[in-house]
$ cat protein21.cif   # mmCIF, C-alpha atoms
data_my_file
loop_
_atom_site.label_atom_id
_atom_site.label_comp_id
_atom_site.auth_asym_id
_atom_site.auth_seq_id
_atom_site.Cartn_x
_atom_site.Cartn_y
_atom_site.Cartn_z
CA GLN A 1 106.45 94.27 113.48
CA VAL A 2 103.95 92.74 111.10
CA GLN A 3 101.11 95.06 110.34
CA LEU A 4 97.58 94.24 109.32
CA VAL A 5 95.62 97.34 108.44
CA GLU A 6 91.83 97.32 108.50
CA SER A 7 89.49 99.81 106.88
CA GLY A 8 85.83 100.18 106.00
CA GLY A 9 84.12 100.31 109.36
CA GLY A 10 81.60 102.91 110.44
CA VAL A 11 77.99 103.45 111.38
CA VAL A 12 75.20 101.73 109.48
CA GLN A 13 71.50 101.33 110.06
CA VAL A 14 69.81 98.04 110.84
CA GLY A 15 69.53 95.95 107.71
CA GLY A 16 72.40 97.76 106.03
CA SER A 17 75.71 96.49 104.68
CA LEU A 18 79.40 97.19 105.16
CA ARG A 19 82.55 95.83 103.62
CA LEU A 20 85.66 95.60 105.77
CA SER A 21 89.07 95.44 104.14
CA CYS A 22 92.44 94.34 105.44
CA VAL A 23 95.80 94.60 103.71
CA ALA A 24 98.63 92.34 104.81
CA PRO A 25 102.27 91.87 103.91
CA ARG A 26 102.58 89.56 100.92
CA ASP A 27 104.12 86.54 102.66
CA ILE A 28 101.69 86.81 105.54
CA PHE A 29 98.76 86.94 103.16
CA ARG A 30 99.91 84.02 101.03
CA TYR A 31 101.02 81.55 103.67
CA THR A 32 98.76 81.99 106.68
CA THR A 33 95.10 81.69 107.56
CA MET A 34 93.52 85.11 107.29
CA SER A 35 90.56 85.68 109.56
CA TRP A 36 88.15 88.24 110.87
CA TYR A 37 87.40 88.41 114.57
CA ARG A 38 85.11 90.71 116.48
CA GLN A 39 84.68 91.83 120.03
CA THR A 40 81.17 92.88 120.91
CA PRO A 41 80.38 94.79 124.11
CA GLY A 42 80.76 92.63 127.20
CA LYS A 43 82.09 89.62 125.33
CA GLU A 44 85.39 88.00 124.50
CA ARG A 45 86.88 88.38 121.05
CA GLU A 46 85.41 85.74 118.76
CA LEU A 47 86.20 84.32 115.36
CA VAL A 48 83.79 85.45 112.65
CA ALA A 49 85.21 83.98 109.45
CA TYR A 50 88.45 82.58 108.09
CA SER A 51 90.15 81.77 104.81
CA THR A 52 93.12 79.45 104.80
CA ALA A 53 96.20 79.71 102.62
CA SER A 54 94.60 77.07 100.38
CA ASN A 55 91.39 79.13 100.33
CA SER A 56 89.21 76.91 102.47
CA ILE A 57 86.60 79.11 104.08
CA GLY A 58 84.70 78.84 107.33
CA TYR A 59 82.27 80.88 109.38
CA ARG A 60 81.39 81.13 113.02
CA ASN A 61 77.88 79.76 112.63
CA ASP A 62 74.98 79.53 110.20
CA ASP A 63 73.79 83.03 111.04
CA VAL A 64 77.12 84.54 110.04
CA ARG A 65 77.41 82.27 107.02
CA GLY A 66 74.09 83.50 105.74
CA ARG A 67 74.95 87.19 106.04
CA PHE A 68 78.73 87.62 105.82
CA THR A 69 81.18 86.68 103.08
CA ILE A 70 84.95 86.48 103.43
CA SER A 71 86.97 86.87 100.27
CA LYS A 72 90.47 87.71 99.08
CA ASP A 73 92.18 89.75 96.41
CA HIS A 74 95.37 87.85 95.74
CA ASP A 75 96.87 90.59 93.60
CA LYS A 76 96.51 93.21 96.34
CA ASN A 77 97.14 90.95 99.36
CA MET A 78 93.80 91.94 100.80
CA VAL A 79 91.08 90.10 102.64
CA PHE A 80 87.53 91.37 102.87
CA LEU A 81 84.50 90.79 105.00
CA ASN A 82 81.29 91.69 103.27
CA MET A 83 78.53 92.05 105.85
CA THR A 84 74.86 92.28 105.00
CA LYS A 85 71.58 92.42 106.95
CA LEU A 86 73.42 93.95 109.87
CA ASN A 87 71.73 94.12 113.26
CA PRO A 88 72.69 95.76 116.57
CA LEU A 89 74.24 92.51 117.83
CA ASP A 90 76.88 92.90 115.12
CA THR A 91 78.12 96.11 116.76
CA GLY A 92 81.69 95.80 117.92
CA ILE A 93 85.33 96.09 117.04
CA TYR A 94 86.37 93.93 114.11
CA TYR A 95 89.91 92.65 113.81
CA CYS A 96 91.81 91.26 110.89
CA SER A 97 94.05 88.36 111.89
CA SER A 98 96.77 86.17 110.53
CA ARG A 99 97.41 82.74 112.03
CA SER A 100 100.28 80.38 111.39
CA SER A 101 101.95 77.62 113.37
CA GLN A 102 104.36 80.23 114.75
CA GLN A 103 102.09 83.08 115.70
CA THR A 104 98.74 84.78 115.61
CA ILE A 105 98.65 88.49 114.99
CA PHE A 106 95.85 91.03 114.92
CA GLY A 107 95.32 94.39 113.35
CA GLN A 108 94.44 97.42 115.41
CA GLY A 109 90.73 96.82 114.98
CA ILE A 110 87.98 98.87 113.43
CA GLN A 111 84.66 99.93 114.88
CA VAL A 112 81.37 98.78 113.36
CA THR A 113 78.22 100.31 114.83
CA VAL A 114 74.75 99.21 113.77
CA SER A 115 72.15 101.76 114.82
CA SER A 116 68.46 100.99 115.24
#
$ encode --input "protein21.cif" --output "structure tokens"
Amino acid sequence: QVQLVESGGGVVQVGGSLRLSCVAPRDIFRYTTMSWYRQTPGKERELVAYSTASNSIGYRNDDVRGRFTISKDHDKNMVFLNMTKLNPLDTGIYYCSSRSSQQTIFGQGIQVTVSS
């Protein structure tokens, strides 16, 4: 069972910042698209940001692009999501994900709560 392990969530006030981290097995990290998804209350899980094996990066929309940054540490097999200017609509469970042609897997998820 491939494991993706997230960390770094918690409670933050409006306008604050958080950095989420995810560690993956080496081969998963190197050869798949690593992504962050989130599920906000009452909504389906949605893609937030991704970084391909060749390090092409994308974001859900301009709002996310302007506030969040996805990055990788290739030595530690880790992917990060740096989130700034957080607002209550960002509250939800955030999932690290790996996608290849064979499968898509998710971590257990981590709670992010933005309090007003």
$ resolve_selection --input "protein21.cif" --expression "the PyMOL selection byres ((chain A and resi 104-109) around 7)" --output "list of chain:residue names"
A:Gln3, A:Leu4, A:Val5, A:Glu6, A:Ile93, A:Tyr94, A:Tyr95, A:Cys96, A:Ser97, A:Ser98, A:Arg99, A:Ser100, A:Gln103, A:Ile110, A:Gln111
$ closest_residue --input "protein21.cif" --among "A:Gly92, A:Phe68, A:Ala24, A:Val79" --to "Glu46 in chain A" --atoms "all atoms listed in the file"
A:Gly92
$ residues_around --input "protein21.cif" --residues "Asn82 in chain A" --least-positions-apart "4" --cutoff "12 Å" --atoms "all atoms listed in the file" --output "list in words"
Gly8, Gly9, Gly16, Ser17, Leu18, Arg19, Leu20, Ser21, Cys22, Trp36, Val48, Ala49, Val64, Arg65, Gly66, Arg67, Phe68, Thr69, Ile70, Ser71, Lys72 and Leu86 of chain A
$ atom_distance --input "protein21.cif" --atom1 "CA of Tyr31 in chain A" --atom2 "CA of Ser56 in chain A"
12.7 Å
$ atom_distance --input "protein21.cif" --atom1 "CA of Ser115 in chain A" --atom2 "CA of Arg38 in chain A"
17.1 Å
$ closest_residue --input "protein21.cif" --among "A:Thr84, A:Asn55, A:Ser7, A:Thr113" --to "Met34 in chain A" --atoms "all atoms listed in the file"
A:Asn55
$ residues_around --input "protein21.cif" --residues "Thr91 in chain A" --least-positions-apart "6" --cutoff "7 Å" --atoms "all atoms listed in the file" --output "VMD selection string"
chain A and resid 40 112 to 114
$ decode --input "protein21.cif" --residues "range 70-85 of chain A" --atoms "all heavy atoms" --output "mmCIF file, in the first residue's frame"
data_model
loop_
_atom_site.group_PDB
_atom_site.id
_atom_site.type_symbol
_atom_site.label_atom_id
_atom_site.label_comp_id
_atom_site.auth_asym_id
_atom_site.auth_seq_id
_atom_site.Cartn_x
_atom_site.Cartn_y
_atom_site.Cartn_z
ATOM 1 N N ILE A 70 3.020 25.682 -4.930
ATOM 2 C CA ILE A 70 3.417 24.282 -4.803
ATOM 3 C C ILE A 70 4.900 24.175 -5.123
ATOM 4 O O ILE A 70 5.400 24.831 -6.045
ATOM 5 C CB ILE A 70 2.576 23.368 -5.726
ATOM 6 C CG1 ILE A 70 2.854 21.900 -5.413
ATOM 7 C CG2 ILE A 70 2.773 23.692 -7.191
ATOM 8 C CD1 ILE A 70 1.884 20.919 -6.092
ATOM 9 N N SER A 71 5.594 23.376 -4.341
ATOM 10 C CA SER A 71 7.021 23.211 -4.555
ATOM 11 C C SER A 71 7.439 21.818 -4.109
ATOM 12 O O SER A 71 6.663 21.103 -3.466
ATOM 13 C CB SER A 71 7.814 24.277 -3.791
ATOM 14 O OG SER A 71 7.593 24.167 -2.402
ATOM 15 N N LYS A 72 8.675 21.450 -4.451
ATOM 16 C CA LYS A 72 9.174 20.126 -4.116
ATOM 17 C C LYS A 72 10.565 20.216 -3.511
ATOM 18 O O LYS A 72 11.331 21.133 -3.835
ATOM 19 C CB LYS A 72 9.263 19.253 -5.371
ATOM 20 C CG LYS A 72 7.953 18.850 -5.985
ATOM 21 C CD LYS A 72 8.248 18.059 -7.267
ATOM 22 C CE LYS A 72 6.998 17.519 -7.894
ATOM 23 N NZ LYS A 72 7.263 16.858 -9.193
ATOM 24 N N ASP A 73 10.866 19.248 -2.665
ATOM 25 C CA ASP A 73 12.234 19.007 -2.212
ATOM 26 C C ASP A 73 12.631 17.644 -2.761
ATOM 27 O O ASP A 73 12.187 16.614 -2.260
ATOM 28 C CB ASP A 73 12.302 19.037 -0.683
ATOM 29 C CG ASP A 73 13.725 18.872 -0.166
ATOM 30 O OD1 ASP A 73 14.531 18.159 -0.806
ATOM 31 O OD2 ASP A 73 14.040 19.450 0.891
ATOM 32 N N HIS A 74 13.462 17.651 -3.789
ATOM 33 C CA HIS A 74 13.777 16.403 -4.473
ATOM 34 C C HIS A 74 14.685 15.500 -3.645
ATOM 35 O O HIS A 74 14.725 14.292 -3.864
ATOM 36 C CB HIS A 74 14.398 16.703 -5.833
ATOM 37 C CG HIS A 74 13.439 17.345 -6.782
ATOM 38 N ND1 HIS A 74 12.679 16.609 -7.665
ATOM 39 C CD2 HIS A 74 13.082 18.637 -6.970
ATOM 40 C CE1 HIS A 74 11.919 17.421 -8.373
ATOM 41 N NE2 HIS A 74 12.137 18.662 -7.967
ATOM 42 N N ASP A 75 15.409 16.064 -2.722
ATOM 43 C CA ASP A 75 16.271 15.244 -1.866
ATOM 44 C C ASP A 75 15.469 14.479 -0.825
ATOM 45 O O ASP A 75 15.839 13.375 -0.424
ATOM 46 C CB ASP A 75 17.310 16.114 -1.169
ATOM 47 C CG ASP A 75 18.319 16.690 -2.153
ATOM 48 O OD1 ASP A 75 18.587 16.036 -3.188
ATOM 49 O OD2 ASP A 75 18.830 17.798 -1.896
ATOM 50 N N LYS A 76 14.365 15.074 -0.377
ATOM 51 C CA LYS A 76 13.560 14.477 0.685
ATOM 52 C C LYS A 76 12.277 13.832 0.169
ATOM 53 O O LYS A 76 11.496 13.310 0.962
ATOM 54 C CB LYS A 76 13.217 15.537 1.727
ATOM 55 C CG LYS A 76 14.440 16.110 2.437
ATOM 56 C CD LYS A 76 14.025 17.150 3.469
ATOM 57 C CE LYS A 76 15.256 17.709 4.172
ATOM 58 N NZ LYS A 76 14.896 18.762 5.163
ATOM 59 N N ASN A 77 12.064 13.861 -1.133
ATOM 60 C CA ASN A 77 10.838 13.295 -1.719
ATOM 61 C C ASN A 77 9.593 13.932 -1.112
ATOM 62 O O ASN A 77 8.639 13.225 -0.738
ATOM 63 C CB ASN A 77 10.805 11.771 -1.548
ATOM 64 C CG ASN A 77 12.009 11.102 -2.152
ATOM 65 O OD1 ASN A 77 12.540 11.538 -3.165
ATOM 66 N ND2 ASN A 77 12.481 10.045 -1.511
ATOM 67 N N MET A 78 9.609 15.224 -1.006
ATOM 68 C CA MET A 78 8.504 15.931 -0.377
ATOM 69 C C MET A 78 7.924 16.980 -1.321
ATOM 70 O O MET A 78 8.638 17.596 -2.111
ATOM 71 C CB MET A 78 8.964 16.599 0.913
ATOM 72 C CG MET A 78 9.383 15.624 1.992
ATOM 73 S SD MET A 78 9.809 16.432 3.541
ATOM 74 C CE MET A 78 8.186 16.936 4.111
ATOM 75 N N VAL A 79 6.632 17.164 -1.204
ATOM 76 C CA VAL A 79 5.948 18.222 -1.936
ATOM 77 C C VAL A 79 5.251 19.111 -0.914
ATOM 78 O O VAL A 79 4.753 18.625 0.106
ATOM 79 C CB VAL A 79 4.960 17.656 -2.976
ATOM 80 C CG1 VAL A 79 3.899 16.782 -2.328
ATOM 81 C CG2 VAL A 79 4.333 18.762 -3.800
ATOM 82 N N PHE A 80 5.246 20.401 -1.181
ATOM 83 C CA PHE A 80 4.715 21.371 -0.243
ATOM 84 C C PHE A 80 3.627 22.214 -0.906
ATOM 85 O O PHE A 80 3.622 22.401 -2.123
ATOM 86 C CB PHE A 80 5.829 22.312 0.238
ATOM 87 C CG PHE A 80 7.019 21.604 0.802
ATOM 88 C CD1 PHE A 80 8.150 21.398 0.030
ATOM 89 C CD2 PHE A 80 7.007 21.137 2.106
ATOM 90 C CE1 PHE A 80 9.256 20.744 0.542
ATOM 91 C CE2 PHE A 80 8.108 20.476 2.628
ATOM 92 C CZ PHE A 80 9.237 20.282 1.850
ATOM 93 N N LEU A 81 2.756 22.714 -0.071
ATOM 94 C CA LEU A 81 1.802 23.716 -0.520
ATOM 95 C C LEU A 81 1.884 24.874 0.462
ATOM 96 O O LEU A 81 1.451 24.750 1.608
ATOM 97 C CB LEU A 81 0.376 23.164 -0.576
ATOM 98 C CG LEU A 81 -0.656 24.124 -1.163
ATOM 99 C CD1 LEU A 81 -0.399 24.340 -2.656
ATOM 100 C CD2 LEU A 81 -2.075 23.603 -0.948
ATOM 101 N N ASN A 82 2.446 25.954 0.003
ATOM 102 C CA ASN A 82 2.549 27.148 0.823
ATOM 103 C C ASN A 82 1.322 28.017 0.552
ATOM 104 O O ASN A 82 1.109 28.433 -0.585
ATOM 105 C CB ASN A 82 3.836 27.909 0.495
ATOM 106 C CG ASN A 82 4.152 28.968 1.517
ATOM 107 O OD1 ASN A 82 4.299 28.669 2.697
ATOM 108 N ND2 ASN A 82 4.251 30.199 1.090
ATOM 109 N N MET A 83 0.546 28.260 1.589
ATOM 110 C CA MET A 83 -0.718 28.984 1.433
ATOM 111 C C MET A 83 -0.650 30.295 2.188
ATOM 112 O O MET A 83 -0.310 30.305 3.384
ATOM 113 C CB MET A 83 -1.878 28.134 1.969
ATOM 114 C CG MET A 83 -1.949 26.746 1.343
ATOM 115 S SD MET A 83 -3.400 25.809 1.859
ATOM 116 C CE MET A 83 -2.983 25.512 3.578
ATOM 117 N N THR A 84 -0.959 31.371 1.521
ATOM 118 C CA THR A 84 -0.956 32.689 2.138
ATOM 119 C C THR A 84 -2.316 33.362 1.969
ATOM 120 O O THR A 84 -3.159 32.897 1.200
ATOM 121 C CB THR A 84 0.132 33.590 1.520
ATOM 122 O OG1 THR A 84 -0.199 33.857 0.157
ATOM 123 C CG2 THR A 84 1.500 32.920 1.588
ATOM 124 N N LYS A 85 -2.514 34.440 2.696
ATOM 125 C CA LYS A 85 -3.765 35.226 2.612
ATOM 126 C C LYS A 85 -4.987 34.323 2.712
ATOM 127 O O LYS A 85 -5.931 34.436 1.935
ATOM 128 C CB LYS A 85 -3.794 36.024 1.316
ATOM 129 C CG LYS A 85 -2.632 36.988 1.162
ATOM 130 C CD LYS A 85 -2.664 37.697 -0.188
ATOM 131 C CE LYS A 85 -1.450 38.595 -0.356
ATOM 132 N NZ LYS A 85 -1.434 39.252 -1.696
#
